[in-house]
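Printed here is final12.cif (mmCIF, C-alpha atoms):
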```cif
data_run
#
loop_
_atom_site.label_atom_id
_atom_site.label_comp_id
_atom_site.auth_asym_id
_atom_site.auth_seq_id
_atom_site.Cartn_x
_atom_site.Cartn_y
_atom_site.Cartn_z
CA MET F 1 -48.14 93.40 20.75
CA GLU F 2 -44.93 91.48 20.44
CA LEU F 3 -42.47 91.56 23.26
CA ALA F 4 -39.16 93.27 22.71
CA THR F 5 -36.21 91.07 23.52
CA THR F 6 -33.27 92.71 21.80
CA MET F 7 -33.49 96.37 22.69
CA GLU F 8 -29.79 96.43 23.50
CA SER F 9 -28.81 95.62 19.96
CA ALA F 10 -31.61 97.58 18.34
CA SER F 11 -32.56 100.12 20.92
CA HIS F 12 -34.08 102.46 18.39
CA LEU F 13 -36.28 99.91 16.74
CA PRO F 14 -39.87 99.66 17.89
CA PRO F 15 -40.64 96.49 19.83
CA SER F 16 -42.65 95.15 16.93
CA ARG F 17 -39.55 95.19 14.73
CA ARG F 18 -37.30 93.48 17.23
CA GLN F 19 -36.95 89.77 17.75
CA SER F 20 -40.49 88.58 17.79
CA MET F 21 -42.25 86.53 20.43
CA ASN F 22 -45.57 84.84 19.82
CA ALA F 23 -48.70 84.95 21.91
CA HIS F 24 -47.54 81.98 23.96
CA GLY F 25 -44.36 83.70 25.04
CA THR F 26 -42.31 81.57 22.67
CA ARG F 27 -39.36 83.29 21.07
CA THR F 28 -39.75 82.66 17.35
CA GLY F 29 -36.88 80.96 15.62
CA GLN F 30 -35.13 80.04 18.84
CA GLY F 31 -37.36 77.41 20.28
CA PRO F 32 -39.67 77.80 23.22
CA LYS F 33 -38.85 80.10 26.04
CA ASN F 34 -42.00 79.86 28.09
CA GLY F 35 -42.07 81.34 31.54
CA SER F 36 -39.91 84.35 30.69
CA ALA F 37 -42.68 86.51 29.42
CA ALA F 38 -45.71 84.36 28.96
CA LYS F 39 -49.01 86.11 28.48
CA ASN F 40 -52.14 84.42 29.77
CA ALA F 41 -55.68 84.57 28.49
CA HIS F 42 -56.47 87.49 30.74
CA GLY F 43 -53.81 89.63 29.23
CA SER F 44 -51.50 89.38 32.20
CA LEU F 45 -47.88 88.41 32.03
CA ASN F 46 -46.38 85.69 34.18
CA GLY F 47 -42.94 84.56 35.13
CA HIS F 48 -39.80 86.62 34.82
CA ALA F 49 -41.61 89.73 33.71
CA ALA F 50 -45.08 89.18 34.95
CA LYS F 51 -47.82 91.74 35.17
CA ASN F 52 -50.91 90.96 37.19
CA GLY F 53 -54.43 92.17 36.76
CA HIS F 54 -53.81 95.11 39.02
CA GLY F 55 -51.14 96.52 36.83
CA SER F 56 -48.27 95.53 39.10
CA LEU F 57 -45.34 93.42 38.09
CA ASN F 58 -44.63 90.12 39.80
CA GLY F 59 -42.30 87.20 39.72
CA HIS F 60 -38.57 87.16 39.07
CA ALA F 61 -38.59 90.82 38.26
CA ALA F 62 -41.38 91.79 40.55
CA LYS F 63 -42.25 95.34 41.38
CA ASN F 64 -43.79 96.10 44.75
CA GLY F 65 -46.26 98.77 45.71
CA ASN F 66 -43.50 101.19 46.55
CA GLY F 67 -42.14 101.18 43.07
CA SER F 68 -39.12 99.03 43.80
CA LEU F 69 -38.13 95.77 42.21
CA ASN F 70 -37.84 92.62 44.30
CA GLY F 71 -36.14 89.30 44.15
CA HIS F 72 -34.22 87.81 41.30
CA ALA F 73 -33.93 90.87 39.12
CA ALA F 74 -31.72 92.67 41.63
CA VAL F 75 -28.27 93.10 40.16
CA ASN F 76 -24.87 94.40 41.09
CA GLY F 77 -24.74 97.24 38.64
CA HIS F 78 -21.88 95.73 36.66
CA GLY F 79 -24.06 94.09 34.07
CA ALA F 80 -23.43 90.63 35.48
CA VAL F 81 -25.72 87.77 34.67
CA ASN F 82 -27.69 86.82 37.75
CA GLY F 83 -28.25 83.40 39.21
CA HIS F 84 -31.03 82.64 36.76
CA GLY F 85 -28.94 83.24 33.67
CA THR F 86 -30.84 86.44 32.93
CA ARG F 87 -28.98 89.64 32.16
CA PRO F 88 -30.24 92.79 33.92
CA GLY F 89 -30.82 94.40 30.54
CA ASP F 90 -33.04 91.50 29.49
CA VAL F 91 -35.15 91.88 32.59
CA ALA F 92 -35.43 95.63 32.00
CA ARG F 93 -36.43 95.08 28.38
CA GLU F 94 -39.15 92.65 29.28
CA LEU F 95 -40.50 94.92 31.98
CA ILE F 96 -40.45 97.94 29.67
CA SER F 97 -42.29 95.92 27.05
CA ALA F 98 -44.92 95.05 29.66
CA LEU F 99 -45.15 98.70 30.65
CA TRP F 100 -45.64 99.67 27.01
CA GLU F 101 -48.61 97.35 26.81
CA ARG F 102 -50.02 98.94 29.92
CA SER F 103 -49.44 102.43 28.47
CA VAL F 104 -51.22 101.74 25.18
CA PRO F 105 -54.64 103.02 26.39
CA LEU F 106 -53.05 106.26 27.60
CA ILE F 107 -51.11 106.70 24.35
CA SER F 108 -54.31 106.06 22.37
CA GLU F 109 -56.17 108.59 24.48
CA ARG F 110 -53.47 111.18 23.79
CA LEU F 111 -53.62 110.47 20.06
CA ASN F 112 -57.40 110.87 20.17
CA GLY F 113 -56.88 114.24 21.84
CA LEU F 114 -54.61 115.29 18.99
CA ASP F 115 -57.23 114.10 16.48
CA ILE F 116 -59.83 116.32 18.11
CA ALA F 117 -57.49 119.31 18.06
CA CYS F 118 -56.73 118.54 14.45
CA GLU F 119 -60.40 118.53 13.48
CA ALA F 120 -60.93 121.78 15.35
CA ALA F 121 -58.00 123.34 13.48
CA VAL F 122 -59.43 122.21 10.14
CA LEU F 123 -62.74 123.85 11.05
CA GLY F 124 -60.97 126.99 12.28
CA ARG F 125 -62.19 126.36 15.82
CA LEU F 126 -58.96 125.57 17.63
CA SER F 127 -59.25 127.69 20.78
CA PRO F 128 -56.15 128.84 22.68
CA ILE F 129 -57.01 126.46 25.53
CA MET F 130 -57.45 123.52 23.20
CA ARG F 131 -54.24 124.46 21.44
CA ARG F 132 -52.36 124.62 24.75
CA GLY F 133 -53.75 121.22 25.73
CA ALA F 134 -52.73 119.68 22.41
CA THR F 135 -49.26 121.17 22.78
CA ASP F 136 -48.90 119.57 26.20
CA THR F 137 -50.16 116.27 24.82
CA ALA F 138 -47.63 116.34 21.99
CA HIS F 139 -44.91 117.23 24.50
CA LYS F 140 -45.78 114.21 26.64
CA LEU F 141 -45.78 111.89 23.65
CA ALA F 142 -42.43 113.27 22.55
CA GLY F 143 -41.02 112.55 25.98
CA SER F 144 -42.22 108.99 26.25
CA LEU F 145 -42.41 107.25 22.86
CA GLY F 146 -38.66 107.04 22.34
CA MET F 147 -38.28 105.55 25.79
CA PHE F 148 -40.45 102.64 24.68
CA GLY F 149 -38.42 102.17 21.49
CA TYR F 150 -40.27 104.48 19.11
CA PRO F 151 -37.85 107.33 18.32
CA ARG F 152 -39.73 108.21 15.13
CA GLY F 153 -42.81 108.74 17.25
CA THR F 154 -40.86 111.14 19.44
CA ASP F 155 -39.63 113.06 16.38
CA ILE F 156 -43.13 113.46 14.93
CA ALA F 157 -44.66 114.39 18.30
CA ARG F 158 -41.95 117.01 18.70
CA GLU F 159 -42.78 118.42 15.24
CA ILE F 160 -46.42 118.64 16.28
CA GLU F 161 -45.45 120.38 19.51
CA HIS F 162 -43.35 122.95 17.65
CA LEU F 163 -46.10 123.49 15.07
CA LEU F 164 -48.64 124.18 17.82
CA GLU F 165 -46.21 126.46 19.66
CA SER F 166 -45.52 128.56 16.58
CA GLU F 167 -47.03 132.01 16.21
CA GLY F 168 -50.25 132.61 14.31
CA LEU F 169 -52.76 130.20 12.85
CA VAL F 170 -51.90 126.52 12.87
CA ASP F 171 -51.36 124.91 9.48
CA ALA F 172 -54.26 122.47 9.84
CA GLY F 173 -53.24 120.39 6.83
CA LEU F 174 -49.74 119.86 8.15
CA LEU F 175 -51.07 119.12 11.63
CA ARG F 176 -53.40 116.46 10.27
CA GLU F 177 -50.59 114.96 8.20
CA LEU F 178 -48.31 114.72 11.23
CA VAL F 179 -50.97 113.23 13.49
CA VAL F 180 -51.80 110.58 10.88
CA GLU F 181 -48.10 109.80 10.47
CA LEU F 182 -47.66 109.56 14.22
CA ARG F 183 -50.52 107.12 14.56
CA MET F 184 -49.18 105.01 11.72
CA CYS F 185 -45.73 104.61 13.22
CA LEU F 186 -47.10 103.10 16.44
CA PRO F 187 -48.39 99.53 16.81
CA LEU F 188 -51.71 100.44 18.40
CA MET Z 1 -26.76 100.86 47.60
CA ARG Z 2 -27.72 104.19 46.02
CA ARG Z 3 -31.18 105.52 46.78
CA ILE Z 4 -32.85 107.66 44.15
CA LEU Z 5 -36.07 109.64 44.37
CA ILE Z 6 -37.90 110.01 41.07
CA ILE Z 7 -40.44 112.83 40.85
CA ASP Z 8 -42.65 112.81 37.77
CA ASP Z 9 -46.39 113.25 37.29
CA GLU Z 10 -46.51 110.80 34.38
CA ASP Z 11 -46.97 107.21 35.51
CA ASP Z 12 -45.30 105.61 32.50
CA ILE Z 13 -42.17 107.76 32.71
CA ARG Z 14 -41.90 107.23 36.46
CA GLU Z 15 -42.30 103.48 36.15
CA VAL Z 16 -39.85 103.01 33.29
CA ALA Z 17 -37.26 105.21 35.01
CA ALA Z 18 -37.73 103.30 38.27
CA LEU Z 19 -37.37 99.85 36.80
CA SER Z 20 -34.46 101.04 34.70
CA LEU Z 21 -32.49 102.28 37.72
CA GLU Z 22 -33.45 99.26 39.77
CA SER Z 23 -33.01 96.43 37.32
CA VAL Z 24 -30.06 97.77 35.35
CA ALA Z 25 -28.06 99.48 38.11
CA GLY Z 26 -29.45 97.77 41.18
CA TRP Z 27 -30.26 101.08 42.84
CA SER Z 28 -33.10 101.53 45.28
CA VAL Z 29 -35.84 103.82 44.01
CA LEU Z 30 -38.49 105.94 45.70
CA THR Z 31 -41.14 107.69 43.68
CA ALA Z 32 -43.38 110.72 43.98
CA CYS Z 33 -45.95 112.00 41.49
CA SER Z 34 -45.80 115.72 42.33
CA GLY Z 35 -43.34 118.34 43.48
CA ALA Z 36 -45.07 118.69 46.84
CA GLU Z 37 -45.02 114.94 47.46
CA GLY Z 38 -41.41 114.83 46.32
CA ILE Z 39 -40.32 117.43 48.86
CA VAL Z 40 -41.93 115.52 51.73
CA THR Z 41 -40.51 112.20 50.54
CA ALA Z 42 -37.04 113.71 50.24
CA GLN Z 43 -37.25 115.16 53.75
CA VAL Z 44 -38.30 111.82 55.23
CA GLU Z 45 -36.21 109.43 53.15
CA GLN Z 46 -33.06 111.46 52.49
CA PRO Z 47 -32.24 109.91 49.10
CA ASP Z 48 -28.73 110.13 47.62
CA ALA Z 49 -30.06 111.98 44.56
CA ILE Z 50 -33.29 113.17 42.98
CA LEU Z 51 -34.36 112.75 39.35
CA MET Z 52 -37.15 115.24 38.68
CA ASP Z 53 -39.34 116.11 35.73
CA VAL Z 54 -39.42 119.75 34.66
CA MET Z 55 -42.99 120.05 33.42
CA MET Z 56 -45.45 119.10 36.15
CA PRO Z 57 -48.82 120.60 37.04
CA SER Z 58 -49.21 122.94 40.02
CA MET Z 59 -45.53 122.91 41.01
CA ASP Z 60 -43.06 122.41 38.17
CA GLY Z 61 -39.53 121.05 38.50
CA PRO Z 62 -37.69 124.38 38.80
CA THR Z 63 -40.17 125.65 41.42
CA THR Z 64 -39.86 122.40 43.37
CA PHE Z 65 -36.08 122.66 43.21
CA ARG Z 66 -36.16 126.20 44.59
CA GLU Z 67 -38.43 125.02 47.42
CA MET Z 68 -35.97 122.23 48.18
CA GLN Z 69 -33.15 124.75 48.39
CA ARG Z 70 -35.06 126.51 51.18
CA SER Z 71 -35.24 123.32 53.21
CA PRO Z 72 -31.87 122.81 54.99
CA GLU Z 73 -32.32 119.06 55.45
CA ILE Z 74 -32.59 118.41 51.71
CA ALA Z 75 -30.86 121.42 50.16
CA ASN Z 76 -27.66 119.44 49.61
CA ILE Z 77 -29.24 116.48 47.86
CA PRO Z 78 -28.19 116.65 44.20
CA VAL Z 79 -31.07 117.13 41.77
CA VAL Z 80 -31.02 116.06 38.13
CA LEU Z 81 -33.77 117.52 35.98
CA LEU Z 82 -35.47 115.43 33.32
CA THR Z 83 -36.97 117.32 30.40
CA ALA Z 84 -38.32 116.84 26.91
CA LYS Z 85 -37.35 120.42 26.09
CA VAL Z 86 -34.35 120.18 23.82
CA GLN Z 87 -33.91 123.80 22.78
CA GLY Z 88 -30.74 125.55 23.87
CA VAL Z 89 -32.55 128.37 25.63
CA ASP Z 90 -34.33 125.88 27.88
CA GLN Z 91 -31.13 123.99 28.60
CA ARG Z 92 -29.34 127.19 29.65
CA ARG Z 93 -32.27 128.19 31.85
CA PHE Z 94 -32.26 124.85 33.64
CA ALA Z 95 -28.49 124.79 34.03
CA GLY Z 96 -28.68 128.26 35.57
CA LEU Z 97 -30.84 127.00 38.40
CA GLY Z 98 -27.94 125.29 40.11
CA VAL Z 99 -29.07 121.71 39.60
CA ALA Z 100 -26.53 118.90 39.35
CA GLY Z 101 -27.44 118.26 35.74
CA VAL Z 102 -30.10 117.95 33.08
CA LEU Z 103 -31.07 114.76 31.25
CA PHE Z 104 -33.36 114.59 28.28
CA LYS Z 105 -36.51 112.69 27.43
CA PRO Z 106 -36.94 110.32 25.88
CA PHE Z 107 -34.18 108.56 27.77
CA ASP Z 108 -32.81 105.14 26.95
CA PRO Z 109 -33.88 102.90 29.85
CA LEU Z 110 -30.75 100.80 29.48
CA THR Z 111 -28.37 103.73 29.91
CA LEU Z 112 -30.30 106.04 32.23
CA ALA Z 113 -28.38 104.90 35.32
CA GLU Z 114 -25.09 105.35 33.51
CA GLN Z 115 -26.08 108.88 32.48
CA MET Z 116 -27.16 109.73 36.02
CA ALA Z 117 -23.96 108.35 37.50
CA ALA Z 118 -21.89 110.37 35.04
CA THR Z 119 -23.88 113.52 35.75
CA LEU Z 120 -23.46 113.08 39.50
CA GLY Z 121 -19.81 112.08 39.31
CA TRP Z 122 -20.51 108.66 40.79
CA SER Z 123 -17.99 106.03 39.90
#
```
Same coordinates, now as structure tokens:
Amino acid sequence: MELATTMESASHLPPSRRQSMNAHGTRTGQGPKNGSAAKNAHGSLNGHAAKNGHGSLNGHAAKNGNGSLNGHAAVNGHGAVNGHGTRPGDVARELISALWERSVPLISERLNGLDIACEAAVLGRLSPIMRRGATDTAHKLAGSLGMFGYPRGTDIAREIEHLLESEGLVDAGLLRELVVELRMCLPL
Amino acid sequence: MRRILIIDDEDDIREVAALSLESVAGWSVLTACSGAEGIVTAQVEQPDAILMDVMMPSMDGPTTFREMQRSPEIANIPVVLLTAKVQGVDQRRFAGLGVAGVLFKPFDPLTLAEQMAATLGWS
């Protein structure tokens, strides 16, 4: 997963389509920028937007156990560059990118849930409870994907939600098509 | 510094909203993962405003809001609802509750604080 670094200028592009950063935390095309969002061999992020093995965020934009940010990422609310030459938006982007990586298993699990509902619909075995669960799942995906920079994912998830909420039998073919399209638009 | 309480059962939404308000606006953020926990946190911490999800298990946003209105010590704290429901009928229903405003998911993390400030009339 590449780290998003230009959400401000391309807020509706998925992170993978924004300015790319390689596995060593080096911003491609702009020379090295190690330490801002370096990823170590254990999958954790260090430095300005670090994420430790416990899922918490440390370093210059650290997040404590109470859900608040500490240290150098604190800003005055006027968009000023802080003492480290880092704009608040940059810090937020890096942290959101790290949170996306942490959310990937949950997103995958939700997509798997939709796959199961899809198969049940194809077989004519989509029970009301399963349908309600799939509707909730689609609703949650619709509410979160755009936040991470995947507005197309939100649109498709919303279509799935509306399809499942509609009266009568679910169009299983359309449901399958939408779920496949949703999966394809995400870098999982 | 503004203090905001975010109430949402979804970890990813809660975390992105929190870091957005903290790192972009410099606000202080408290979090709760259910309506019941949110009410207690609000009573103890007295935040300046509450950002609350609509769809939560056991006690949803509107129900939690009504409970808050029955508690004199937190009844005056402005509440902004956060919802992925975009249909007009839902919007009118939420607005009719008497909340300070309604914001929609997915939100843009870089402008969430700005939207909240505008909704609450904060300069």
Find the residues of chain Z in contact range of chain F, meaning any atom within 9 Å when counting only C-alpha atoms, and list them as a PDB file with C-alpha atoms, in the coordinates of the input.
```pdb
ATOM      1  CA  GLU Z  10     -46.510 110.800  34.380  1.00  0.00           C
ATOM      2  CA  ASP Z  11     -46.970 107.210  35.510  1.00  0.00           C
ATOM      3  CA  ASP Z  12     -45.300 105.610  32.500  1.00  0.00           C
ATOM      4  CA  ILE Z  13     -42.170 107.760  32.710  1.00  0.00           C
ATOM      5  CA  ARG Z  14     -41.900 107.230  36.460  1.00  0.00           C
ATOM      6  CA  GLU Z  15     -42.300 103.480  36.150  1.00  0.00           C
ATOM      7  CA  VAL Z  16     -39.850 103.010  33.290  1.00  0.00           C
ATOM      8  CA  ALA Z  18     -37.730 103.300  38.270  1.00  0.00           C
ATOM      9  CA  LEU Z  19     -37.370  99.850  36.800  1.00  0.00           C
ATOM     10  CA  SER Z  20     -34.460 101.040  34.700  1.00  0.00           C
ATOM     11  CA  GLU Z  22     -33.450  99.260  39.770  1.00  0.00           C
ATOM     12  CA  SER Z  23     -33.010  96.430  37.320  1.00  0.00           C
ATOM     13  CA  VAL Z  24     -30.060  97.770  35.350  1.00  0.00           C
ATOM     14  CA  ALA Z  25     -28.060  99.480  38.110  1.00  0.00           C
ATOM     15  CA  GLY Z  26     -29.450  97.770  41.180  1.00  0.00           C
ATOM     16  CA  TRP Z  27     -30.260 101.080  42.840  1.00  0.00           C
ATOM     17  CA  SER Z  28     -33.100 101.530  45.280  1.00  0.00           C
ATOM     18  CA  VAL Z  29     -35.840 103.820  44.010  1.00  0.00           C
ATOM     19  CA  LEU Z  30     -38.490 105.940  45.700  1.00  0.00           C
ATOM     20  CA  THR Z  31     -41.140 107.690  43.680  1.00  0.00           C
ATOM     21  CA  THR Z  83     -36.970 117.320  30.400  1.00  0.00           C
ATOM     22  CA  ALA Z  84     -38.320 116.840  26.910  1.00  0.00           C
ATOM     23  CA  LYS Z  85     -37.350 120.420  26.090  1.00  0.00           C
ATOM     24  CA  PHE Z 104     -33.360 114.590  28.280  1.00  0.00           C
ATOM     25  CA  LYS Z 105     -36.510 112.690  27.430  1.00  0.00           C
ATOM     26  CA  PRO Z 106     -36.940 110.320  25.880  1.00  0.00           C
ATOM     27  CA  PHE Z 107     -34.180 108.560  27.770  1.00  0.00           C
ATOM     28  CA  ASP Z 108     -32.810 105.140  26.950  1.00  0.00           C
ATOM     29  CA  PRO Z 109     -33.880 102.900  29.850  1.00  0.00           C
ATOM     30  CA  LEU Z 110     -30.750 100.800  29.480  1.00  0.00           C
TER      31      LEU Z 110
END
```
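Rounded to one decimal, atom CA of F:Val170 and atom CA of Z:Met56 lie 25.3 Å from each other.
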Counting only C-alpha atoms, I want the residues whose atoms come within 9 Å of (-44.5, 109.8, 45.0) in the file frame, returned as a list of chain:residue names.
F:Asn66, Z:Leu5, Z:Ile6, Z:Ile7, Z:Asp8, Z:Asp9, Z:Leu30, Z:Thr31, Z:Ala32, Z:Cys33, Z:Ser34, Z:Gly35, Z:Glu37, Z:Gly38, Z:Thr41
Name the residues in contact with Z:Val54 at a cut-off of 7 Å, using only C-alpha atoms, excluding same-chain residues fewer than 4 positions from it; report them as a compact mmCIF listing (two decimals) with C-alpha atoms, in the frame of the given file.
```txt
# COMPACT_ATOMS: atom_id res chain seq x y z
CA ASP Z 60 -43.06 122.41 38.17
CA GLY Z 61 -39.53 121.05 38.50
CA PRO Z 62 -37.69 124.38 38.80
CA LEU Z 81 -33.77 117.52 35.98
CA LEU Z 82 -35.47 115.43 33.32
CA THR Z 83 -36.97 117.32 30.40
```
Would you mind reading off the distance between atom CA of F:Ser127 and atom CA of F:Glu161, one decimal, in Å?
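Computed distance, atom CA of F:Ser127 to atom CA of F:Glu161, equals 15.7 Å.
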Could you spell out the hits of the PyMOL selection byres ((chain Z and resi 45) around 10) on the shown file, as a list in words?
Arg3, Ile4, Leu5, Leu30, Ile39, Val40, Thr41, Ala42, Gln43, Val44, Gln46, Pro47, Asp48 and Ile74 of chain Z
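Those residues that approach Z:Ala118 to within 12 Å, counting all atoms listed in the file, are Val80, Ala100, Gly101, Val102, Leu103, Thr111, Leu112, Ala113 and Ser123 of chain Z; same-chain residues fewer than 5 positions away are not listed.
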List the neighbours of F:Ala172 out to 10 Å using only C-alpha atoms; skip same-chain residues closer than 2 positions along the sequence, and give me the result as a list in words.
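The residues that qualify are Ala117, Cys118, Glu119, Ala120, Ala121, Val122, Leu123, Gly124, Leu126, Leu163, Leu164, Leu169, Val170, Leu174, Leu175, Arg176, Glu177 and Leu178 of chain F.
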Go ahead and compute the interatomic distance for atom CA of Z:Thr63 and atom CA of Z:Leu120, in Å to one decimal.
21.0 Å
